[in-house]
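Beneath this line is the structure, given in structure tokens, with notes to follow.
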Amino acid sequence: MPDYKEVFENNKRWLEKKKESDVSFFEKLAKDQHPDYLYIGCSDSRVTAEEIMGAEPGEVFIHRNVANLVNSTDLNVMSVMEYAVKYLKVKHIVVCGHYNCGGVKAAMQPKDMGILNPWLRNIRDVYRLHKDELNSIADEHQRYDRLVELNVQEQCVNVIKMACVQQGYVANGYPTVHGWVFDLRSGKIIDLKLDFNKILKGIQEIYNLTDTKIT
Ligand code: CO
């Protein structure tokens, strides 16, 4: 880890390198942004969104919080989504969880975590929703991995419940929603291959916020 002063030296080296490859790099960067991706991931320092995706500045709109949660009462994530879908018109929304997630692990322990309780409640609700499957997994580590995956899946469902996502999809055919897990042990991004259309159709009975029934 670089010490405090080194950060600025690193920054100088980085900007010089960028200018070397493209003299007008920062001129273009300052003009506007047109990211195709909205990435919602965990705050964990080991899951560096742009780096694992090989993305450049301007390519990914990013929101991170503990355990990559999409909660309808969280004004922060709701504002990020509304802006990304309505104004930036992103084509893809990714929810990216990761194995060895401290937030998910904390939620698996049935104890009082103080101020973290309402946040972890979201993950504990995912556990309750998938209790039968999770409890049938004898190995604790495998159960932990599976909860990470199911948490991503349920957060994707929460994204698809949003009016702006449904209305954008009906009008333009995008955004579509993807669930990923980053495997810290191998460095791989695993696409959970969630069926966006099927989820959308499945939740429409209760959460349809468009004038159109998706076929
Ligand atoms: Co995490």
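Residue numbers start at 1 in each chain; chains themselves are named A, B, ... in the order of the structure tokens; ligands are numbered from 1 in the order shown.
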**Report entry** Residue neighbourhood segment 153-168 of chain A, 9 Å, only C-alpha atoms, exclusion window fewer than 5 positions, as a ChimeraX atom specification
**Finding:** /A:68-72,78,81-82,85-86,89,93-95,126,148,173-180,192,194,196,199-200,203-204,207-212
Written selection (N, CA and C atoms) as a JSON list (two decimals), in the first residue's frame:
```
[["chain", "number", "residue", "atom", "x", "y", "z"],
["A", 68, "ASN", "N", -23.35, -5.16, -1.85],
["A", 68, "ASN", "CA", -24.06, -4.85, -3.11],
["A", 68, "ASN", "C", -25.58, -4.97, -3.02],
["A", 69, "LEU", "N", -26.16, -4.18, -2.11],
["A", 69, "LEU", "CA", -27.61, -4.26, -1.90],
["A", 69, "LEU", "C", -28.37, -3.19, -2.68],
["A", 70, "VAL", "N", -29.55, -3.59, -3.16],
["A", 70, "VAL", "CA", -30.44, -2.65, -3.85],
["A", 70, "VAL", "C", -31.73, -2.62, -3.05],
["A", 71, "ASN", "N", -31.83, -1.58, -2.21],
["A", 71, "ASN", "CA", -32.95, -1.47, -1.29],
["A", 71, "ASN", "C", -33.79, -0.26, -1.70],
["A", 72, "SER", "N", -35.09, -0.45, -1.78],
["A", 72, "SER", "CA", -35.95, 0.62, -2.31],
["A", 72, "SER", "C", -36.06, 1.83, -1.39],
["A", 78, "MET", "N", -31.12, 4.29, -5.24],
["A", 78, "MET", "CA", -32.28, 4.61, -6.09],
["A", 78, "MET", "C", -31.97, 5.79, -7.01],
["A", 81, "MET", "N", -29.58, 4.69, -9.80],
["A", 81, "MET", "CA", -30.27, 3.90, -10.83],
["A", 81, "MET", "C", -31.12, 4.79, -11.74],
["A", 82, "GLU", "N", -31.88, 5.67, -11.11],
["A", 82, "GLU", "CA", -32.75, 6.57, -11.87],
["A", 82, "GLU", "C", -31.92, 7.39, -12.86],
["A", 85, "VAL", "N", -30.35, 5.14, -15.69],
["A", 85, "VAL", "CA", -31.30, 4.59, -16.67],
["A", 85, "VAL", "C", -31.94, 5.71, -17.49],
["A", 86, "LYS", "N", -32.41, 6.76, -16.81],
["A", 86, "LYS", "CA", -33.16, 7.81, -17.51],
["A", 86, "LYS", "C", -32.28, 8.79, -18.28],
["A", 89, "LYS", "N", -28.86, 6.55, -19.92],
["A", 89, "LYS", "CA", -29.40, 5.50, -20.80],
["A", 89, "LYS", "C", -28.46, 4.31, -20.95],
["A", 93, "ILE", "N", -27.28, -3.24, -16.69],
["A", 93, "ILE", "CA", -27.11, -3.03, -15.25],
["A", 93, "ILE", "C", -26.56, -4.33, -14.67],
["A", 94, "VAL", "N", -25.43, -4.21, -14.00],
["A", 94, "VAL", "CA", -24.79, -5.38, -13.43],
["A", 94, "VAL", "C", -24.84, -5.28, -11.91],
["A", 95, "VAL", "N", -25.29, -6.35, -11.26],
["A", 95, "VAL", "CA", -25.09, -6.47, -9.81],
["A", 95, "VAL", "C", -23.99, -7.49, -9.63],
["A", 126, "VAL", "N", -32.97, -12.50, 2.32],
["A", 126, "VAL", "CA", -32.63, -13.39, 1.19],
["A", 126, "VAL", "C", -32.48, -14.82, 1.72],
["A", 148, "VAL", "N", -24.10, -15.89, -1.26],
["A", 148, "VAL", "CA", -23.54, -14.78, -2.07],
["A", 148, "VAL", "C", -24.25, -14.72, -3.42],
["A", 173, "GLY", "N", -35.94, -1.52, -25.30],
["A", 173, "GLY", "CA", -35.31, -2.85, -25.34],
["A", 173, "GLY", "C", -34.10, -2.94, -24.43],
["A", 174, "TYR", "N", -33.83, -1.93, -23.67],
["A", 174, "TYR", "CA", -32.78, -1.92, -22.65],
["A", 174, "TYR", "C", -33.19, -0.98, -21.53],
["A", 175, "PRO", "N", -32.60, -1.06, -20.36],
["A", 175, "PRO", "CA", -31.46, -1.89, -19.96],
["A", 175, "PRO", "C", -31.88, -3.34, -19.68],
["A", 176, "THR", "N", -30.90, -4.23, -19.81],
["A", 176, "THR", "CA", -31.07, -5.58, -19.30],
["A", 176, "THR", "C", -30.21, -5.71, -18.04],
["A", 177, "VAL", "N", -30.56, -6.69, -17.22],
["A", 177, "VAL", "CA", -29.94, -6.81, -15.90],
["A", 177, "VAL", "C", -29.16, -8.13, -15.80],
["A", 178, "HIS", "N", -27.96, -8.04, -15.26],
["A", 178, "HIS", "CA", -27.09, -9.22, -15.17],
["A", 178, "HIS", "C", -26.59, -9.41, -13.74],
["A", 179, "GLY", "N", -26.52, -10.67, -13.33],
["A", 179, "GLY", "CA", -25.97, -10.99, -12.00],
["A", 179, "GLY", "C", -24.61, -11.65, -12.14],
["A", 180, "TRP", "N", -23.62, -11.08, -11.47],
["A", 180, "TRP", "CA", -22.25, -11.61, -11.51],
["A", 180, "TRP", "C", -21.76, -11.91, -10.09],
["A", 192, "LEU", "N", -23.91, -15.32, -13.59],
["A", 192, "LEU", "CA", -24.90, -16.26, -13.07],
["A", 192, "LEU", "C", -25.96, -16.60, -14.12],
["A", 194, "LEU", "N", -28.63, -15.13, -15.23],
["A", 194, "LEU", "CA", -30.03, -14.98, -14.82],
["A", 194, "LEU", "C", -30.86, -14.67, -16.06],
["A", 196, "PHE", "N", -33.26, -12.63, -17.57],
["A", 196, "PHE", "CA", -33.87, -11.32, -17.33],
["A", 196, "PHE", "C", -35.35, -11.31, -17.69],
["A", 199, "ILE", "N", -37.53, -13.38, -15.30],
["A", 199, "ILE", "CA", -37.72, -12.71, -14.00],
["A", 199, "ILE", "C", -38.73, -11.57, -14.15],
["A", 200, "LEU", "N", -38.56, -10.82, -15.22],
["A", 200, "LEU", "CA", -39.44, -9.68, -15.47],
["A", 200, "LEU", "C", -40.89, -10.14, -15.60],
["A", 203, "ILE", "N", -42.38, -11.38, -12.19],
["A", 203, "ILE", "CA", -42.73, -10.42, -11.13],
["A", 203, "ILE", "C", -43.76, -9.40, -11.59],
["A", 204, "GLN", "N", -44.13, -9.49, -12.89],
["A", 204, "GLN", "CA", -45.04, -8.47, -13.44],
["A", 204, "GLN", "C", -46.42, -8.46, -12.79],
["A", 207, "TYR", "N", -45.48, -6.42, -9.60],
["A", 207, "TYR", "CA", -44.64, -5.21, -9.69],
["A", 207, "TYR", "C", -44.69, -4.52, -11.05],
["A", 208, "ASN", "N", -45.68, -4.83, -11.89],
["A", 208, "ASN", "CA", -45.70, -4.20, -13.20],
["A", 208, "ASN", "C", -45.93, -2.69, -13.07],
["A", 209, "LEU", "N", -44.94, -1.90, -13.47],
["A", 209, "LEU", "CA", -45.05, -0.45, -13.37],
["A", 209, "LEU", "C", -45.01, 0.18, -14.76],
["A", 210, "THR", "N", -45.44, -0.58, -15.75],
["A", 210, "THR", "CA", -45.54, -0.05, -17.11],
["A", 210, "THR", "C", -46.99, -0.22, -17.57],
["A", 211, "ASP", "N", -47.32, 0.37, -18.71],
["A", 211, "ASP", "CA", -48.66, 0.19, -19.27],
["A", 211, "ASP", "C", -48.71, -1.06, -20.13],
["A", 212, "THR", "N", -47.55, -1.66, -20.32],
["A", 212, "THR", "CA", -47.45, -2.78, -21.25],
["A", 212, "THR", "C", -47.13, -4.06, -20.52]]
```
Requested in this report: Taking only C-alpha atoms and all ligand atoms into account, report as a PyMOL selection string which residues have an atom no farther than 6 Å from an atom of ligand 1.
Outcome: chain A and resi 42+44+66-67+101-103
Preceding selection exported with all heavy atoms as a tab-separated table (two decimals), in the first residue's frame:
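Listed below is the output, part_30.tsv:
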```tsv
chain	number	residue	atom	x	y	z
A	42	CYS	N	-19.94	-4.50	-4.34
A	42	CYS	CA	-19.62	-4.40	-2.92
A	42	CYS	C	-18.48	-3.39	-2.71
A	42	CYS	O	-17.64	-3.19	-3.58
A	42	CYS	CB	-19.21	-5.76	-2.37
A	42	CYS	SG	-18.91	-5.77	-0.59
A	44	ASP	N	-16.05	-3.77	-0.83
A	44	ASP	CA	-14.83	-4.51	-0.52
A	44	ASP	C	-13.64	-4.04	-1.38
A	44	ASP	O	-13.75	-3.97	-2.61
A	44	ASP	CB	-15.08	-6.01	-0.78
A	44	ASP	CG	-14.00	-6.89	-0.18
A	44	ASP	OD1	-12.82	-6.73	-0.56
A	44	ASP	OD2	-14.33	-7.74	0.66
A	66	VAL	N	-21.94	-1.95	1.08
A	66	VAL	CA	-21.63	-3.22	1.74
A	66	VAL	C	-22.59	-4.31	1.24
A	66	VAL	O	-23.80	-4.18	1.36
A	66	VAL	CB	-21.72	-3.08	3.28
A	66	VAL	CG1	-21.61	-4.45	3.96
A	66	VAL	CG2	-20.63	-2.15	3.79
A	67	ALA	N	-22.02	-5.32	0.60
A	67	ALA	CA	-22.76	-6.50	0.10
A	67	ALA	C	-23.69	-6.20	-1.08
A	67	ALA	O	-24.68	-6.89	-1.28
A	67	ALA	CB	-23.50	-7.21	1.22
A	101	CYS	N	-17.48	-12.52	0.95
A	101	CYS	CA	-18.03	-11.19	1.26
A	101	CYS	C	-18.31	-11.08	2.76
A	101	CYS	O	-19.09	-11.85	3.32
A	101	CYS	CB	-19.32	-10.95	0.46
A	101	CYS	SG	-20.04	-9.32	0.74
A	102	GLY	N	-17.66	-10.11	3.39
A	102	GLY	CA	-17.79	-9.93	4.84
A	102	GLY	C	-19.21	-9.58	5.25
A	102	GLY	O	-19.68	-10.00	6.31
A	103	GLY	N	-19.90	-8.81	4.42
A	103	GLY	CA	-21.29	-8.43	4.71
A	103	GLY	C	-22.19	-9.64	4.74
A	103	GLY	O	-23.03	-9.79	5.65
```
Requested in this report: Go through A:Asn135, A:Asn76, A:Ser21, A:Asn151 one by one, measure the shortest atom-to-atom distance of each to Tyr99 of chain A using only C-alpha atoms, and give the residue with the smallest value.
Outcome: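 Looking only at the distances to Tyr99 of chain A, the closest residue turns out to be A:Asn151.
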Residues of segment 59-117 of chain A that approach segment 127-132 of chain A to 10 Å or less, counting only C-alpha atoms: could you list each one with the shortest pair of atoms and its distance in Å to one decimal, rows by chain and increasing residue number, as a tab-separated table?
```
residue	atom	partner	partner_atom	distance
A:Val104	CA	A:Tyr127	CA	9.9
A:Ala107	CA	A:Tyr127	CA	8.9
A:Met108	CA	A:Tyr127	CA	8.2
```
Take the residues from that selection and write them out as a PDB file, in the first residue's frame, keeping C-alpha atoms.
```
ATOM      1  CA  VAL A 104     -22.844 -11.744   3.701  1.00  0.00           C
ATOM      2  CA  ALA A 107     -25.575 -11.702   8.009  1.00  0.00           C
ATOM      3  CA  MET A 108     -25.157 -15.478   8.389  1.00  0.00           C
TER       4      MET A 108
END
```
Step one, run DSSP on the backbone; step two, keep only residues of segment 8-173 of chain A assigned to strand (DSSP E); then write them as a PDB file with N, CA, C and O atoms, in the first residue's frame.
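The resulting result-v1.pdb:
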```pdb
ATOM      1  N   TYR A  37     -22.593   0.835 -19.095  1.00  0.00           N
ATOM      2  CA  TYR A  37     -22.812  -0.050 -17.950  1.00  0.00           C
ATOM      3  C   TYR A  37     -23.085   0.732 -16.665  1.00  0.00           C
ATOM      4  O   TYR A  37     -22.425   1.732 -16.387  1.00  0.00           O
ATOM      5  N   LEU A  38     -24.055   0.223 -15.899  1.00  0.00           N
ATOM      6  CA  LEU A  38     -24.172   0.611 -14.504  1.00  0.00           C
ATOM      7  C   LEU A  38     -23.733  -0.611 -13.701  1.00  0.00           C
ATOM      8  O   LEU A  38     -24.265  -1.708 -13.904  1.00  0.00           O
ATOM      9  N   TYR A  39     -22.760  -0.426 -12.820  1.00  0.00           N
ATOM     10  CA  TYR A  39     -22.231  -1.515 -11.999  1.00  0.00           C
ATOM     11  C   TYR A  39     -22.589  -1.252 -10.544  1.00  0.00           C
ATOM     12  O   TYR A  39     -22.266  -0.188 -10.009  1.00  0.00           O
ATOM     13  N   ILE A  40     -23.278  -2.194  -9.937  1.00  0.00           N
ATOM     14  CA  ILE A  40     -23.586  -2.097  -8.507  1.00  0.00           C
ATOM     15  C   ILE A  40     -22.827  -3.230  -7.817  1.00  0.00           C
ATOM     16  O   ILE A  40     -23.100  -4.410  -8.068  1.00  0.00           O
ATOM     17  N   GLY A  41     -21.842  -2.860  -7.003  1.00  0.00           N
ATOM     18  CA  GLY A  41     -20.990  -3.883  -6.402  1.00  0.00           C
ATOM     19  C   GLY A  41     -20.752  -3.643  -4.935  1.00  0.00           C
ATOM     20  O   GLY A  41     -21.278  -2.699  -4.338  1.00  0.00           O
ATOM     21  N   CYS A  42     -19.942  -4.505  -4.341  1.00  0.00           N
ATOM     22  CA  CYS A  42     -19.617  -4.397  -2.921  1.00  0.00           C
ATOM     23  C   CYS A  42     -18.478  -3.388  -2.708  1.00  0.00           C
ATOM     24  O   CYS A  42     -17.639  -3.190  -3.582  1.00  0.00           O
ATOM     25  N   VAL A  60     -17.945   3.004 -17.199  1.00  0.00           N
ATOM     26  CA  VAL A  60     -18.838   2.319 -16.238  1.00  0.00           C
ATOM     27  C   VAL A  60     -19.295   3.303 -15.156  1.00  0.00           C
ATOM     28  O   VAL A  60     -18.479   3.968 -14.516  1.00  0.00           O
ATOM     29  N   PHE A  61     -20.599   3.397 -14.975  1.00  0.00           N
ATOM     30  CA  PHE A  61     -21.172   4.188 -13.884  1.00  0.00           C
ATOM     31  C   PHE A  61     -21.238   3.256 -12.679  1.00  0.00           C
ATOM     32  O   PHE A  61     -21.749   2.141 -12.792  1.00  0.00           O
ATOM     33  N   ILE A  62     -20.730   3.705 -11.530  1.00  0.00           N
ATOM     34  CA  ILE A  62     -20.508   2.764 -10.433  1.00  0.00           C
ATOM     35  C   ILE A  62     -21.185   3.170  -9.126  1.00  0.00           C
ATOM     36  O   ILE A  62     -21.169   4.338  -8.733  1.00  0.00           O
ATOM     37  N   HIS A  63     -21.791   2.181  -8.496  1.00  0.00           N
ATOM     38  CA  HIS A  63     -22.302   2.361  -7.142  1.00  0.00           C
ATOM     39  C   HIS A  63     -21.837   1.177  -6.317  1.00  0.00           C
ATOM     40  O   HIS A  63     -22.003   0.028  -6.722  1.00  0.00           O
ATOM     41  N   ARG A  64     -21.256   1.460  -5.157  1.00  0.00           N
ATOM     42  CA  ARG A  64     -20.807   0.367  -4.294  1.00  0.00           C
ATOM     43  C   ARG A  64     -21.305   0.583  -2.870  1.00  0.00           C
ATOM     44  O   ARG A  64     -21.312   1.710  -2.375  1.00  0.00           O
ATOM     45  N   ASN A  65     -21.719  -0.506  -2.253  1.00  0.00           N
ATOM     46  CA  ASN A  65     -22.069  -0.458  -0.828  1.00  0.00           C
ATOM     47  C   ASN A  65     -21.767  -1.831  -0.222  1.00  0.00           C
ATOM     48  O   ASN A  65     -21.380  -2.754  -0.938  1.00  0.00           O
ATOM     49  N   HIS A  92     -26.738  -1.862 -19.909  1.00  0.00           N
ATOM     50  CA  HIS A  92     -26.645  -3.007 -19.004  1.00  0.00           C
ATOM     51  C   HIS A  92     -26.551  -2.540 -17.551  1.00  0.00           C
ATOM     52  O   HIS A  92     -25.820  -1.598 -17.269  1.00  0.00           O
ATOM     53  N   ILE A  93     -27.284  -3.241 -16.688  1.00  0.00           N
ATOM     54  CA  ILE A  93     -27.115  -3.029 -15.252  1.00  0.00           C
ATOM     55  C   ILE A  93     -26.563  -4.328 -14.672  1.00  0.00           C
ATOM     56  O   ILE A  93     -27.144  -5.394 -14.857  1.00  0.00           O
ATOM     57  N   VAL A  94     -25.430  -4.212 -14.004  1.00  0.00           N
ATOM     58  CA  VAL A  94     -24.786  -5.382 -13.427  1.00  0.00           C
ATOM     59  C   VAL A  94     -24.839  -5.279 -11.906  1.00  0.00           C
ATOM     60  O   VAL A  94     -24.497  -4.241 -11.342  1.00  0.00           O
ATOM     61  N   VAL A  95     -25.285  -6.350 -11.256  1.00  0.00           N
ATOM     62  CA  VAL A  95     -25.089  -6.467  -9.807  1.00  0.00           C
ATOM     63  C   VAL A  95     -23.986  -7.495  -9.625  1.00  0.00           C
ATOM     64  O   VAL A  95     -24.104  -8.630 -10.081  1.00  0.00           O
ATOM     65  N   CYS A  96     -22.880  -7.056  -9.020  1.00  0.00           N
ATOM     66  CA  CYS A  96     -21.726  -7.947  -8.881  1.00  0.00           C
ATOM     67  C   CYS A  96     -21.425  -8.196  -7.399  1.00  0.00           C
ATOM     68  O   CYS A  96     -21.001  -7.288  -6.684  1.00  0.00           O
ATOM     69  N   GLY A  97     -21.659  -9.406  -6.955  1.00  0.00           N
ATOM     70  CA  GLY A  97     -21.273  -9.807  -5.603  1.00  0.00           C
ATOM     71  C   GLY A  97     -19.912 -10.474  -5.653  1.00  0.00           C
ATOM     72  O   GLY A  97     -19.265 -10.511  -6.694  1.00  0.00           O
ATOM     73  N   HIS A  98     -19.466 -10.993  -4.538  1.00  0.00           N
ATOM     74  CA  HIS A  98     -18.177 -11.702  -4.550  1.00  0.00           C
ATOM     75  C   HIS A  98     -18.147 -12.722  -3.422  1.00  0.00           C
ATOM     76  O   HIS A  98     -18.724 -12.501  -2.353  1.00  0.00           O
TER      77      HIS A  98
END
```
Query raised in the report: Closest to Val47 of chain A among A:Asp22, A:Asp183, A:Asp125, A:Asp112, using only C-alpha atoms?
Result: A:Asp183
Query - Best match for closeness to Ser45 of chain A among A:Leu184, A:Glu205, A:Glu20, A:Leu15, counting only C-alpha atoms - result: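 For Ser45 of chain A, the nearest of the candidates is A:Leu184.
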Requested in this report: From segment 38-208 of chain A, collect each residue whose DSSP state is helix (DSSP H, G or I) and return the set as a count of residues only.
Outcome: 88
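Taking atom CA of Phe182 of chain A and atom CA of Gln142 of chain A as endpoints, the distance between them is 15.3 Å.
One finds atom CA of Met1 of chain A at 21.4 Å from atom CA of Gly54 of chain A.
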**Report entry** Nearest-residue call for His141 of chain A, choices A:Asn100, A:Asn172, A:Gln109, A:Asn122, using only C-alpha atoms
**Finding:** A:Asn100
